[in-house]
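**Q** The structure under discussion is supplied below as structure tokens; questions concerning it will follow.
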There are 2 protein chains.
Amino acid sequence: MSDPTDSPRFRLRLVFGPDEWMGPGKAELLEHIEQTGSISAAGRAMGMSYKRAWQLVDTMNAMFRTPLVQSSRGGAKGGGAVLTDAGQVVLAEFRALEDTARAAGAKHIERLQEMLTDIPDGK
Amino acid sequence: MSDPTDSPRFRLRLVFGPDEWMGPGKAELLEHIEQTGSISAAGRAMGMSYKRAWQLVDTMNAMFRTPLVQSSRGGAKGGGAVLTDAGQVVLAEFRALEDTARAAGAKHIERLQEMLTDIPDGK
DNA sequence: CCTCGATATTTCCCGATGGATATAACGCTT
DNA sequence: AAGCGTTATATCCATCGGGAAATATCGAGG
């Protein structure tokens, strides 16, 4: 999304509605929030503005029945954000979906790679 | 891409390099080219400009060892474009990849859908 | 040899996307 | 009560991706 060097082979997006979807970007953001306990820190880690990070969180919290991220203002450390149970479930399910789908389609992916001009490293 | 009503559930993109990827848009374009025998007609059918359609074709032809689309200018009907053998293979492989991956991840997709605010129609 | 329809290519321009910035609210700590 | 770091929210603005349109080219057919 920001760094062109990290070329992920396999990108999967679930589109539920016009403005409702779940993809690699949101999943990674959830992971960083879980690790850092902060929306801004997570955004920084991904090289994205706080505005964008917050927008993604806001979208996710709106599209799922239960919010995925619970945030708080003030307090000892100024505030923070944590993944809810639903957030952890969604993250785990999405990662599992990615792994499963990638594994299942490995054969087709391999055949497509073999047809490229620049030969990808054969693992 | 243009029509918000056709909400595809499952979007899959293979990213090979910085500017080299294969996704649902290019696949659909290939299908329309195969059906219409024309880049412009294919673009029109998808509601995209000829410029964009041509750019996508150009990108695909460059990233694969053998061009996927062979186009010709002039002639009885002004010209046209057809899928090469490689084009048909790539299209078929990508569609197969989508089907396989979607089927393999169906369980995870279902679980995620159940957590949405707006209940999706049960199949 | 002129027309026709599609490909090929360039230029111009608008609108949307997202970053930068500013401000406010919040609640624990000191 | 002041300070701090974060969340929350709005405004401004540069950038850029893509559409529109204009132009050139090609080759069979009339």
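Note on naming: chains are A, B, ... as they come in the structure tokens, residues start from 1 per chain, ligands start from 1 in the order shown.
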Within 12 Å of segment 14-19 of chain C, counting only C-alpha atoms (C1' of nucleotides), which residues qualify if same-chain residues fewer than 3 places away don't, as a list in words?
**A**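 The neighbour list is Gly47, Met48, Ser49, Tyr50, Lys51, Arg52, Ala53 and Gln55 of chain A; DC12, DC13, DA14, DT15, DC16, DG17, DG18, DG19 and DA20 of chain D.
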**Q** Would you mind writing down, as a PyMOL selection string, each residue of chain A that DSSP on the backbone assigns to helix (DSSP H, G or I)?
**A** chain A and resi 24-36+39-45+50-63+85-104+106-113
**Q** Could you fit chain B onto chain A by least squares over every C-alpha atom, paired in order, and give me the moved chain as a tab-separated table (two decimals) with N, CA, C and O atoms, in the first residue's frame?
**A**
```tsv
chain	number	residue	atom	x	y	z
B	1	MET	N	1.39	-1.35	0.02
B	1	MET	CA	0.51	-0.16	-0.07
B	1	MET	C	1.38	1.09	-0.23
B	1	MET	O	1.16	1.94	-1.04
B	2	SER	N	2.42	1.13	0.58
B	2	SER	CA	3.31	2.28	0.49
B	2	SER	C	4.69	1.85	0.00
B	2	SER	O	5.28	2.50	-0.84
B	3	ASP	N	5.18	0.75	0.50
B	3	ASP	CA	6.49	0.26	0.12
B	3	ASP	C	6.38	-0.69	-1.07
B	3	ASP	O	5.75	-1.73	-0.97
B	4	PRO	N	6.97	-0.33	-2.19
B	4	PRO	CA	6.86	-1.16	-3.38
B	4	PRO	C	7.69	-2.44	-3.31
B	4	PRO	O	7.53	-3.33	-4.12
B	5	THR	N	8.57	-2.53	-2.32
B	5	THR	CA	9.42	-3.72	-2.22
B	5	THR	C	8.67	-4.91	-1.64
B	5	THR	O	8.93	-6.05	-2.00
B	6	ASP	N	7.73	-4.66	-0.74
B	6	ASP	CA	6.99	-5.75	-0.15
B	6	ASP	C	5.86	-6.16	-1.09
B	6	ASP	O	4.74	-5.79	-0.89
B	7	SER	N	6.16	-6.93	-2.10
B	7	SER	CA	5.15	-7.30	-3.09
B	7	SER	C	4.40	-8.54	-2.63
B	7	SER	O	4.85	-9.64	-2.86
B	8	PRO	N	3.27	-8.33	-1.97
B	8	PRO	CA	2.48	-9.47	-1.53
B	8	PRO	C	1.95	-10.22	-2.74
B	8	PRO	O	1.39	-9.63	-3.64
B	9	ARG	N	2.13	-11.49	-2.74
B	9	ARG	CA	1.74	-12.30	-3.90
B	9	ARG	C	0.23	-12.39	-4.05
B	9	ARG	O	-0.29	-12.43	-5.14
B	10	PHE	N	-0.43	-12.38	-2.93
B	10	PHE	CA	-1.82	-12.80	-2.92
B	10	PHE	C	-2.65	-11.80	-2.13
B	10	PHE	O	-2.51	-11.71	-0.91
B	11	ARG	N	-3.50	-11.08	-2.80
B	11	ARG	CA	-4.35	-10.11	-2.10
B	11	ARG	C	-5.80	-10.50	-2.26
B	11	ARG	O	-6.28	-10.73	-3.36
B	12	LEU	N	-6.48	-10.54	-1.15
B	12	LEU	CA	-7.85	-11.03	-1.14
B	12	LEU	C	-8.74	-10.02	-0.45
B	12	LEU	O	-8.42	-9.56	0.65
B	13	ARG	N	-9.81	-9.68	-1.10
B	13	ARG	CA	-10.73	-8.69	-0.52
B	13	ARG	C	-12.15	-9.22	-0.56
B	13	ARG	O	-12.64	-9.67	-1.59
B	14	LEU	N	-12.80	-9.15	0.58
B	14	LEU	CA	-14.21	-9.53	0.64
B	14	LEU	C	-15.06	-8.28	0.57
B	14	LEU	O	-14.98	-7.41	1.44
B	15	VAL	N	-15.87	-8.19	-0.45
B	15	VAL	CA	-16.73	-7.02	-0.64
B	15	VAL	C	-18.15	-7.37	-0.24
B	15	VAL	O	-18.80	-8.17	-0.90
B	16	PHE	N	-18.60	-6.76	0.84
B	16	PHE	CA	-19.94	-7.06	1.34
B	16	PHE	C	-20.96	-6.08	0.80
B	16	PHE	O	-22.12	-6.42	0.59
B	17	GLY	N	-20.54	-4.84	0.58
B	17	GLY	CA	-21.44	-3.83	0.07
B	17	GLY	C	-20.65	-2.69	-0.55
B	17	GLY	O	-19.43	-2.74	-0.62
B	18	PRO	N	-21.35	-1.67	-1.01
B	18	PRO	CA	-20.74	-0.53	-1.69
B	18	PRO	C	-19.53	0.03	-0.94
B	18	PRO	O	-18.50	0.24	-1.53
B	19	ASP	N	-19.68	0.24	0.34
B	19	ASP	CA	-18.58	0.80	1.12
B	19	ASP	C	-18.17	-0.12	2.26
B	19	ASP	O	-17.62	0.33	3.26
B	20	GLU	N	-18.46	-1.39	2.08
B	20	GLU	CA	-18.14	-2.34	3.14
B	20	GLU	C	-17.31	-3.48	2.59
B	20	GLU	O	-17.80	-4.30	1.82
B	21	TRP	N	-16.07	-3.48	2.97
B	21	TRP	CA	-15.20	-4.58	2.53
B	21	TRP	C	-14.12	-4.81	3.56
B	21	TRP	O	-13.85	-3.99	4.42
B	22	MET	N	-13.54	-5.99	3.46
B	22	MET	CA	-12.45	-6.38	4.35
B	22	MET	C	-11.31	-6.89	3.48
B	22	MET	O	-11.52	-7.75	2.63
B	23	GLY	N	-10.12	-6.31	3.71
B	23	GLY	CA	-8.97	-6.70	2.90
B	23	GLY	C	-7.70	-6.74	3.72
B	23	GLY	O	-7.73	-6.59	4.95
B	24	PRO	N	-6.58	-6.94	3.04
B	24	PRO	CA	-5.28	-7.07	3.70
B	24	PRO	C	-4.89	-5.83	4.51
B	24	PRO	O	-4.29	-5.94	5.57
B	25	GLY	N	-5.26	-4.65	4.00
B	25	GLY	CA	-4.90	-3.42	4.70
B	25	GLY	C	-5.54	-3.33	6.07
B	25	GLY	O	-4.87	-3.08	7.07
B	26	LYS	N	-6.85	-3.57	6.12
B	26	LYS	CA	-7.55	-3.50	7.40
B	26	LYS	C	-7.04	-4.60	8.34
B	26	LYS	O	-6.91	-4.38	9.54
B	27	ALA	N	-6.77	-5.76	7.78
B	27	ALA	CA	-6.28	-6.86	8.62
B	27	ALA	C	-4.94	-6.48	9.25
B	27	ALA	O	-4.74	-6.67	10.47
B	28	GLU	N	-4.06	-5.94	8.44
B	28	GLU	CA	-2.75	-5.55	8.96
B	28	GLU	C	-2.90	-4.46	10.02
B	28	GLU	O	-2.20	-4.47	11.05
B	29	LEU	N	-3.83	-3.55	9.78
B	29	LEU	CA	-4.05	-2.49	10.75
B	29	LEU	C	-4.51	-3.07	12.09
B	29	LEU	O	-4.05	-2.63	13.16
B	30	LEU	N	-5.40	-4.03	12.03
B	30	LEU	CA	-5.85	-4.67	13.27
B	30	LEU	C	-4.67	-5.30	14.01
B	30	LEU	O	-4.57	-5.18	15.24
B	31	GLU	N	-3.80	-5.94	13.28
B	31	GLU	CA	-2.63	-6.56	13.91
B	31	GLU	C	-1.76	-5.53	14.62
B	31	GLU	O	-1.31	-5.74	15.75
B	32	HIS	N	-1.53	-4.42	13.96
B	32	HIS	CA	-0.69	-3.38	14.55
B	32	HIS	C	-1.35	-2.75	15.77
B	32	HIS	O	-0.68	-2.37	16.72
B	33	ILE	N	-2.67	-2.62	15.71
B	33	ILE	CA	-3.38	-2.08	16.87
B	33	ILE	C	-3.25	-3.04	18.04
B	33	ILE	O	-3.02	-2.63	19.19
B	34	GLU	N	-3.35	-4.31	17.74
B	34	GLU	CA	-3.22	-5.33	18.79
B	34	GLU	C	-1.81	-5.26	19.42
B	34	GLU	O	-1.66	-5.40	20.63
B	35	GLN	N	-0.83	-5.05	18.57
B	35	GLN	CA	0.56	-5.03	19.06
B	35	GLN	C	0.89	-3.75	19.81
B	35	GLN	O	1.57	-3.77	20.83
B	36	THR	N	0.43	-2.61	19.28
B	36	THR	CA	0.83	-1.32	19.84
B	36	THR	C	-0.15	-0.76	20.85
B	36	THR	O	0.22	0.08	21.67
B	37	GLY	N	-1.41	-1.18	20.77
B	37	GLY	CA	-2.42	-0.64	21.66
B	37	GLY	C	-2.80	0.79	21.34
B	37	GLY	O	-3.30	1.52	22.19
B	38	SER	N	-2.56	1.17	20.08
B	38	SER	CA	-2.82	2.56	19.69
B	38	SER	C	-3.14	2.64	18.20
B	38	SER	O	-2.48	1.99	17.38
B	39	ILE	N	-4.14	3.45	17.87
B	39	ILE	CA	-4.48	3.63	16.46
B	39	ILE	C	-3.40	4.42	15.74
B	39	ILE	O	-2.97	4.06	14.64
B	40	SER	N	-2.95	5.48	16.38
B	40	SER	CA	-1.94	6.32	15.74
B	40	SER	C	-0.63	5.58	15.55
B	40	SER	O	0.01	5.67	14.50
B	41	ALA	N	-0.23	4.81	16.57
B	41	ALA	CA	1.01	4.04	16.45
B	41	ALA	C	0.90	3.00	15.35
B	41	ALA	O	1.85	2.77	14.60
B	42	ALA	N	-0.28	2.38	15.26
B	42	ALA	CA	-0.50	1.38	14.22
B	42	ALA	C	-0.38	2.02	12.84
B	42	ALA	O	0.26	1.48	11.94
B	43	GLY	N	-1.03	3.19	12.70
B	43	GLY	CA	-0.95	3.89	11.43
B	43	GLY	C	0.48	4.26	11.08
B	43	GLY	O	0.93	4.06	9.96
B	44	ARG	N	1.19	4.77	12.07
B	44	ARG	CA	2.59	5.15	11.85
B	44	ARG	C	3.40	3.95	11.38
B	44	ARG	O	4.22	4.05	10.47
B	45	ALA	N	3.17	2.82	12.01
B	45	ALA	CA	3.92	1.61	11.66
B	45	ALA	C	3.67	1.20	10.22
B	45	ALA	O	4.52	0.57	9.58
B	46	MET	N	2.52	1.57	9.70
B	46	MET	CA	2.20	1.20	8.32
B	46	MET	C	2.44	2.35	7.36
B	46	MET	O	2.13	2.25	6.17
B	47	GLY	N	2.94	3.47	7.88
B	47	GLY	CA	3.21	4.61	7.02
B	47	GLY	C	1.95	5.28	6.52
B	47	GLY	O	1.93	5.85	5.43
B	48	MET	N	0.90	5.21	7.31
B	48	MET	CA	-0.33	5.89	6.90
B	48	MET	C	-0.71	6.95	7.93
B	48	MET	O	-0.32	6.87	9.09
B	49	SER	N	-1.45	7.92	7.48
B	49	SER	CA	-1.83	9.02	8.36
B	49	SER	C	-2.82	8.54	9.42
B	49	SER	O	-3.52	7.55	9.21
B	50	TYR	N	-2.86	9.26	10.52
B	50	TYR	CA	-3.81	8.90	11.57
B	50	TYR	C	-5.23	8.98	11.04
B	50	TYR	O	-6.07	8.13	11.36
B	51	LYS	N	-5.47	9.99	10.23
B	51	LYS	CA	-6.82	10.17	9.68
B	51	LYS	C	-7.28	8.91	8.96
B	51	LYS	O	-8.37	8.40	9.21
B	52	ARG	N	-6.42	8.41	8.11
B	52	ARG	CA	-6.78	7.21	7.34
B	52	ARG	C	-6.96	6.01	8.26
B	52	ARG	O	-7.93	5.25	8.12
B	53	ALA	N	-6.03	5.85	9.18
B	53	ALA	CA	-6.12	4.72	10.10
B	53	ALA	C	-7.44	4.78	10.87
B	53	ALA	O	-8.14	3.78	11.02
B	54	TRP	N	-7.78	5.97	11.34
B	54	TRP	CA	-9.01	6.10	12.11
B	54	TRP	C	-10.23	5.82	11.24
B	54	TRP	O	-11.19	5.18	11.68
B	55	GLN	N	-10.18	6.30	9.99
B	55	GLN	CA	-11.30	6.05	9.08
B	55	GLN	C	-11.51	4.55	8.86
B	55	GLN	O	-12.65	4.07	8.86
B	56	LEU	N	-10.41	3.82	8.70
B	56	LEU	CA	-10.53	2.38	8.49
B	56	LEU	C	-11.14	1.71	9.72
B	56	LEU	O	-12.02	0.86	9.60
B	57	VAL	N	-10.68	2.12	10.89
B	57	VAL	CA	-11.22	1.56	12.12
B	57	VAL	C	-12.71	1.89	12.24
B	57	VAL	O	-13.54	1.02	12.57
B	58	ASP	N	-13.05	3.14	11.92
B	58	ASP	CA	-14.44	3.56	12.01
B	58	ASP	C	-15.32	2.74	11.08
B	58	ASP	O	-16.43	2.32	11.45
B	59	THR	N	-14.82	2.51	9.87
B	59	THR	CA	-15.57	1.71	8.90
B	59	THR	C	-15.79	0.29	9.43
B	59	THR	O	-16.91	-0.23	9.38
B	60	MET	N	-14.73	-0.30	9.94
B	60	MET	CA	-14.85	-1.67	10.46
B	60	MET	C	-15.83	-1.75	11.62
B	60	MET	O	-16.66	-2.65	11.68
B	61	ASN	N	-15.72	-0.81	12.52
B	61	ASN	CA	-16.62	-0.81	13.67
B	61	ASN	C	-18.08	-0.67	13.25
B	61	ASN	O	-18.97	-1.18	13.93
B	62	ALA	N	-18.29	0.03	12.13
B	62	ALA	CA	-19.66	0.24	11.67
B	62	ALA	C	-20.21	-0.95	10.92
B	62	ALA	O	-21.40	-1.24	11.00
B	63	MET	N	-19.38	-1.65	10.19
B	63	MET	CA	-19.88	-2.72	9.34
B	63	MET	C	-20.10	-4.03	10.08
B	63	MET	O	-20.89	-4.86	9.64
B	64	PHE	N	-19.46	-4.21	11.21
B	64	PHE	CA	-19.68	-5.42	11.99
B	64	PHE	C	-20.64	-5.15	13.14
B	64	PHE	O	-20.68	-4.03	13.68
B	65	ARG	N	-21.39	-6.14	13.49
B	65	ARG	CA	-22.42	-5.98	14.51
B	65	ARG	C	-21.80	-5.51	15.83
B	65	ARG	O	-22.33	-4.64	16.51
B	66	THR	N	-20.68	-6.12	16.17
B	66	THR	CA	-19.93	-5.71	17.35
B	66	THR	C	-18.64	-5.02	16.90
B	66	THR	O	-17.97	-5.52	16.01
B	67	PRO	N	-18.33	-3.87	17.49
B	67	PRO	CA	-17.09	-3.16	17.12
B	67	PRO	C	-15.87	-4.06	17.25
B	67	PRO	O	-15.80	-4.90	18.16
B	68	LEU	N	-14.91	-3.87	16.36
B	68	LEU	CA	-13.69	-4.67	16.39
B	68	LEU	C	-12.61	-4.01	17.23
B	68	LEU	O	-11.73	-4.66	17.77
B	69	VAL	N	-12.69	-2.69	17.34
B	69	VAL	CA	-11.69	-1.93	18.08
B	69	VAL	C	-12.39	-1.05	19.11
B	69	VAL	O	-13.34	-0.35	18.79
B	70	GLN	N	-11.90	-1.13	20.33
B	70	GLN	CA	-12.44	-0.28	21.39
B	70	GLN	C	-11.38	0.74	21.77
B	70	GLN	O	-10.29	0.38	22.19
B	71	SER	N	-11.73	2.00	21.61
B	71	SER	CA	-10.75	3.06	21.88
B	71	SER	C	-11.18	3.91	23.07
B	71	SER	O	-12.36	4.00	23.37
B	72	SER	N	-10.21	4.48	23.72
B	72	SER	CA	-10.51	5.31	24.89
B	72	SER	C	-9.63	6.55	24.87
B	72	SER	O	-8.48	6.52	24.46
B	73	ARG	N	-10.23	7.65	25.34
B	73	ARG	CA	-9.49	8.91	25.39
B	73	ARG	C	-9.09	9.23	26.83
B	73	ARG	O	-9.76	8.81	27.77
B	74	GLY	N	-8.01	10.01	26.94
B	74	GLY	CA	-7.55	10.41	28.26
B	74	GLY	C	-6.90	9.28	29.01
B	74	GLY	O	-6.59	8.23	28.45
B	75	GLY	N	-6.66	9.49	30.28
B	75	GLY	CA	-6.04	8.46	31.10
B	75	GLY	C	-4.55	8.66	31.21
B	75	GLY	O	-3.99	9.66	30.72
B	76	ALA	N	-3.92	7.72	31.85
B	76	ALA	CA	-2.50	7.83	32.15
B	76	ALA	C	-1.67	8.04	30.89
B	76	ALA	O	-0.82	8.92	30.83
B	77	LYS	N	-1.94	7.23	29.91
B	77	LYS	CA	-1.13	7.28	28.69
B	77	LYS	C	-1.83	8.05	27.57
B	77	LYS	O	-1.48	7.90	26.41
B	78	GLY	N	-2.82	8.82	27.93
B	78	GLY	CA	-3.50	9.65	26.93
B	78	GLY	C	-4.63	8.95	26.24
B	78	GLY	O	-5.49	9.59	25.65
B	79	GLY	N	-4.64	7.67	26.31
B	79	GLY	CA	-5.69	6.90	25.65
B	79	GLY	C	-5.10	5.69	24.96
B	79	GLY	O	-3.96	5.34	25.19
B	80	GLY	N	-5.90	5.07	24.16
B	80	GLY	CA	-5.41	3.87	23.47
B	80	GLY	C	-6.53	3.13	22.79
B	80	GLY	O	-7.68	3.57	22.77
B	81	ALA	N	-6.18	2.03	22.21
B	81	ALA	CA	-7.17	1.22	21.50
B	81	ALA	C	-6.78	-0.25	21.61
B	81	ALA	O	-5.60	-0.60	21.55
B	82	VAL	N	-7.78	-1.07	21.80
B	82	VAL	CA	-7.55	-2.52	21.89
B	82	VAL	C	-8.53	-3.27	21.01
B	82	VAL	O	-9.61	-2.77	20.70
B	83	LEU	N	-8.14	-4.47	20.63
B	83	LEU	CA	-9.04	-5.31	19.85
B	83	LEU	C	-10.07	-5.94	20.78
B	83	LEU	O	-9.72	-6.44	21.86
B	84	THR	N	-11.31	-5.91	20.35
B	84	THR	CA	-12.34	-6.62	21.10
B	84	THR	C	-12.25	-8.11	20.77
B	84	THR	O	-11.47	-8.52	19.90
B	85	ASP	N	-13.06	-8.92	21.42
B	85	ASP	CA	-13.11	-10.34	21.08
B	85	ASP	C	-13.50	-10.51	19.62
B	85	ASP	O	-12.90	-11.30	18.89
B	86	ALA	N	-14.50	-9.73	19.21
B	86	ALA	CA	-14.93	-9.79	17.81
B	86	ALA	C	-13.78	-9.42	16.88
B	86	ALA	O	-13.60	-10.02	15.82
B	87	GLY	N	-13.00	-8.42	17.29
B	87	GLY	CA	-11.86	-8.01	16.48
B	87	GLY	C	-10.86	-9.13	16.31
B	87	GLY	O	-10.35	-9.35	15.20
B	88	GLN	N	-10.59	-9.83	17.38
B	88	GLN	CA	-9.64	-10.93	17.29
B	88	GLN	C	-10.18	-12.06	16.43
B	88	GLN	O	-9.44	-12.68	15.66
B	89	VAL	N	-11.49	-12.30	16.53
B	89	VAL	CA	-12.10	-13.35	15.72
B	89	VAL	C	-12.03	-13.00	14.24
B	89	VAL	O	-11.64	-13.82	13.40
B	90	VAL	N	-12.43	-11.76	13.92
B	90	VAL	CA	-12.42	-11.33	12.53
B	90	VAL	C	-11.01	-11.42	11.95
B	90	VAL	O	-10.80	-11.92	10.84
B	91	LEU	N	-10.04	-10.95	12.71
B	91	LEU	CA	-8.66	-11.00	12.24
B	91	LEU	C	-8.23	-12.43	11.99
B	91	LEU	O	-7.66	-12.76	10.95
B	92	ALA	N	-8.51	-13.29	12.94
B	92	ALA	CA	-8.11	-14.70	12.80
B	92	ALA	C	-8.80	-15.36	11.62
B	92	ALA	O	-8.17	-16.09	10.84
B	93	GLU	N	-10.10	-15.09	11.48
B	93	GLU	CA	-10.84	-15.69	10.37
B	93	GLU	C	-10.31	-15.23	9.02
B	93	GLU	O	-10.17	-16.01	8.09
B	94	PHE	N	-10.02	-13.94	8.95
B	94	PHE	CA	-9.54	-13.41	7.67
B	94	PHE	C	-8.18	-13.99	7.32
B	94	PHE	O	-7.92	-14.36	6.17
B	95	ARG	N	-7.30	-14.07	8.30
B	95	ARG	CA	-5.98	-14.65	8.05
B	95	ARG	C	-6.11	-16.12	7.65
B	95	ARG	O	-5.41	-16.59	6.75
B	96	ALA	N	-7.01	-16.81	8.32
B	96	ALA	CA	-7.23	-18.21	7.97
B	96	ALA	C	-7.78	-18.34	6.56
B	96	ALA	O	-7.39	-19.23	5.79
B	97	LEU	N	-8.68	-17.42	6.22
B	97	LEU	CA	-9.23	-17.41	4.87
B	97	LEU	C	-8.13	-17.21	3.84
B	97	LEU	O	-8.06	-17.93	2.84
B	98	GLU	N	-7.27	-16.25	4.11
B	98	GLU	CA	-6.16	-16.00	3.18
B	98	GLU	C	-5.29	-17.24	3.00
B	98	GLU	O	-4.97	-17.63	1.87
B	99	ASP	N	-4.92	-17.84	4.12
B	99	ASP	CA	-4.04	-19.01	4.05
B	99	ASP	C	-4.71	-20.16	3.29
B	99	ASP	O	-4.10	-20.78	2.42
B	100	THR	N	-5.96	-20.40	3.65
B	100	THR	CA	-6.69	-21.49	3.00
B	100	THR	C	-6.82	-21.27	1.50
B	100	THR	O	-6.54	-22.16	0.70
B	101	ALA	N	-7.24	-20.06	1.16
B	101	ALA	CA	-7.45	-19.75	-0.26
B	101	ALA	C	-6.14	-19.82	-1.04
B	101	ALA	O	-6.09	-20.35	-2.15
B	102	ARG	N	-5.09	-19.29	-0.44
B	102	ARG	CA	-3.79	-19.29	-1.11
B	102	ARG	C	-3.31	-20.71	-1.34
B	102	ARG	O	-2.85	-21.06	-2.43
B	103	ALA	N	-3.44	-21.52	-0.31
B	103	ALA	CA	-3.00	-22.91	-0.42
B	103	ALA	C	-3.80	-23.66	-1.48
B	103	ALA	O	-3.25	-24.41	-2.28
B	104	ALA	N	-5.11	-23.41	-1.47
B	104	ALA	CA	-5.97	-24.13	-2.41
B	104	ALA	C	-5.67	-23.76	-3.86
B	104	ALA	O	-5.76	-24.58	-4.76
B	105	GLY	N	-5.29	-22.50	-4.06
B	105	GLY	CA	-5.06	-22.04	-5.43
B	105	GLY	C	-3.61	-22.08	-5.84
B	105	GLY	O	-3.27	-21.58	-6.93
B	106	ALA	N	-2.77	-22.64	-5.02
B	106	ALA	CA	-1.32	-22.61	-5.26
B	106	ALA	C	-0.95	-23.11	-6.66
B	106	ALA	O	-0.10	-22.55	-7.34
B	107	LYS	N	-1.63	-24.16	-7.07
B	107	LYS	CA	-1.32	-24.75	-8.37
B	107	LYS	C	-1.58	-23.75	-9.51
B	107	LYS	O	-0.78	-23.59	-10.42
B	108	HIS	N	-2.71	-23.08	-9.44
B	108	HIS	CA	-3.06	-22.10	-10.47
B	108	HIS	C	-2.11	-20.91	-10.43
B	108	HIS	O	-1.70	-20.39	-11.46
B	109	ILE	N	-1.78	-20.48	-9.22
B	109	ILE	CA	-0.86	-19.36	-9.07
B	109	ILE	C	0.48	-19.69	-9.69
B	109	ILE	O	1.07	-18.90	-10.42
B	110	GLU	N	0.91	-20.89	-9.44
B	110	GLU	CA	2.20	-21.34	-9.98
B	110	GLU	C	2.18	-21.31	-11.50
B	110	GLU	O	3.12	-20.81	-12.14
B	111	ARG	N	1.10	-21.82	-12.07
B	111	ARG	CA	1.01	-21.85	-13.54
B	111	ARG	C	1.02	-20.44	-14.13
B	111	ARG	O	1.63	-20.20	-15.17
B	112	LEU	N	0.36	-19.52	-13.45
B	112	LEU	CA	0.34	-18.14	-13.95
B	112	LEU	C	1.72	-17.50	-13.82
B	112	LEU	O	2.16	-16.78	-14.72
B	113	GLN	N	2.39	-17.78	-12.73
B	113	GLN	CA	3.73	-17.20	-12.54
B	113	GLN	C	4.69	-17.67	-13.62
B	113	GLN	O	5.55	-16.92	-14.07
B	114	GLU	N	4.53	-18.91	-14.02
B	114	GLU	CA	5.43	-19.46	-15.04
B	114	GLU	C	5.27	-18.77	-16.38
B	114	GLU	O	6.13	-18.88	-17.24
B	115	MET	N	4.17	-18.07	-16.56
B	115	MET	CA	3.92	-17.41	-17.84
B	115	MET	C	4.39	-15.96	-17.86
B	115	MET	O	4.23	-15.26	-18.86
B	116	LEU	N	4.93	-15.50	-16.73
B	116	LEU	CA	5.38	-14.11	-16.66
B	116	LEU	C	6.68	-13.90	-17.42
B	116	LEU	O	7.43	-14.84	-17.67
B	117	THR	N	6.91	-12.63	-17.78
B	117	THR	CA	8.15	-12.29	-18.49
B	117	THR	C	9.35	-12.42	-17.56
B	117	THR	O	10.33	-13.09	-17.88
B	118	ASP	N	9.26	-11.77	-16.41
B	118	ASP	CA	10.33	-11.87	-15.44
B	118	ASP	C	10.09	-13.09	-14.57
B	118	ASP	O	9.07	-13.21	-13.90
B	119	ILE	N	11.05	-13.99	-14.58
B	119	ILE	CA	10.89	-15.25	-13.86
B	119	ILE	C	10.93	-14.99	-12.36
B	119	ILE	O	11.93	-14.50	-11.83
B	120	PRO	N	9.84	-15.31	-11.65
B	120	PRO	CA	9.84	-15.16	-10.20
B	120	PRO	C	10.70	-16.24	-9.56
B	120	PRO	O	10.79	-17.35	-10.09
B	121	ASP	N	11.32	-15.91	-8.43
B	121	ASP	CA	12.15	-16.89	-7.75
B	121	ASP	C	11.32	-18.12	-7.39
B	121	ASP	O	10.26	-18.02	-6.81
B	122	GLY	N	11.82	-19.27	-7.75
B	122	GLY	CA	11.09	-20.52	-7.55
B	122	GLY	C	10.87	-20.81	-6.08
B	122	GLY	O	11.56	-21.62	-5.52
B	123	LYS	N	9.90	-20.18	-5.50
B	123	LYS	CA	9.59	-20.30	-4.07
B	123	LYS	C	10.60	-19.64	-3.15
B	123	LYS	O	11.52	-18.99	-3.57
```
**Q** Taking only C-alpha atoms (C1' of nucleotides) into account, which residues of chain C are within 9 Å of chain A, as a VMD selection string?
**A** chain C and resid 18 to 19 25 to 29
**Q** Could those residues be written to a file, using C-alpha atoms (C1' of nucleotides), as a PDB file, in the first residue's frame?
**A**
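Result written to again_22.pdb:
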```pdb
ATOM      1  C1'  DG C  18      -5.844  11.318   1.037  1.00  0.00           C
ATOM      2  C1'  DG C  19      -2.133  14.017   3.572  1.00  0.00           C
ATOM      3  C1'  DA C  25     -12.046  16.688  24.334  1.00  0.00           C
ATOM      4  C1'  DC C  26     -10.615  13.434  27.552  1.00  0.00           C
ATOM      5  C1'  DG C  27      -8.795  11.450  31.941  1.00  0.00           C
ATOM      6  C1'  DC C  28      -4.940   9.935  34.619  1.00  0.00           C
ATOM      7  C1'  DT C  29      -0.689  11.722  36.720  1.00  0.00           C
TER       8       DT C  29
END
```
**Q** Which residues come within 12 Å of DA22 of chain C, counting only C-alpha atoms (C1' of nucleotides), excluding same-chain residues fewer than 4 positions away, as a compact mmCIF listing (two decimals) with N, CA, C and O atoms (P, O5', C5', C4', C3', O3' and C1' of nucleotides), in the first residue's frame?
**A**
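The resulting file, part_39.txt, is reproduced below:
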```txt
# COMPACT_ATOMS: atom_id res chain seq x y z
P DT D 9 -15.97 11.85 16.57
O5' DT D 9 -15.65 13.09 15.63
C5' DT D 9 -15.55 14.39 16.23
C4' DT D 9 -15.02 15.39 15.25
C3' DT D 9 -15.44 15.19 13.79
O3' DT D 9 -16.34 16.23 13.46
C1' DT D 9 -13.19 15.89 13.99
P DA D 10 -16.90 16.41 11.95
O5' DA D 10 -16.07 17.69 11.50
C5' DA D 10 -15.97 18.81 12.37
C4' DA D 10 -15.08 19.87 11.74
C3' DA D 10 -15.35 20.12 10.25
O3' DA D 10 -15.43 21.52 10.01
C1' DA D 10 -13.06 19.55 10.59
P DT D 11 -15.89 22.01 8.53
O5' DT D 11 -14.55 22.65 7.97
C5' DT D 11 -13.72 23.41 8.86
C4' DT D 11 -12.39 23.71 8.20
C3' DT D 11 -12.48 24.03 6.70
O3' DT D 11 -11.77 25.22 6.43
C1' DT D 11 -10.85 22.37 7.09
P DC D 12 -11.91 25.86 4.96
O5' DC D 12 -10.48 25.58 4.34
C5' DC D 12 -9.31 25.94 5.07
C4' DC D 12 -8.08 25.31 4.45
C3' DC D 12 -7.95 25.51 2.93
O3' DC D 12 -6.67 26.06 2.65
C1' DC D 12 -7.65 23.23 3.50
```
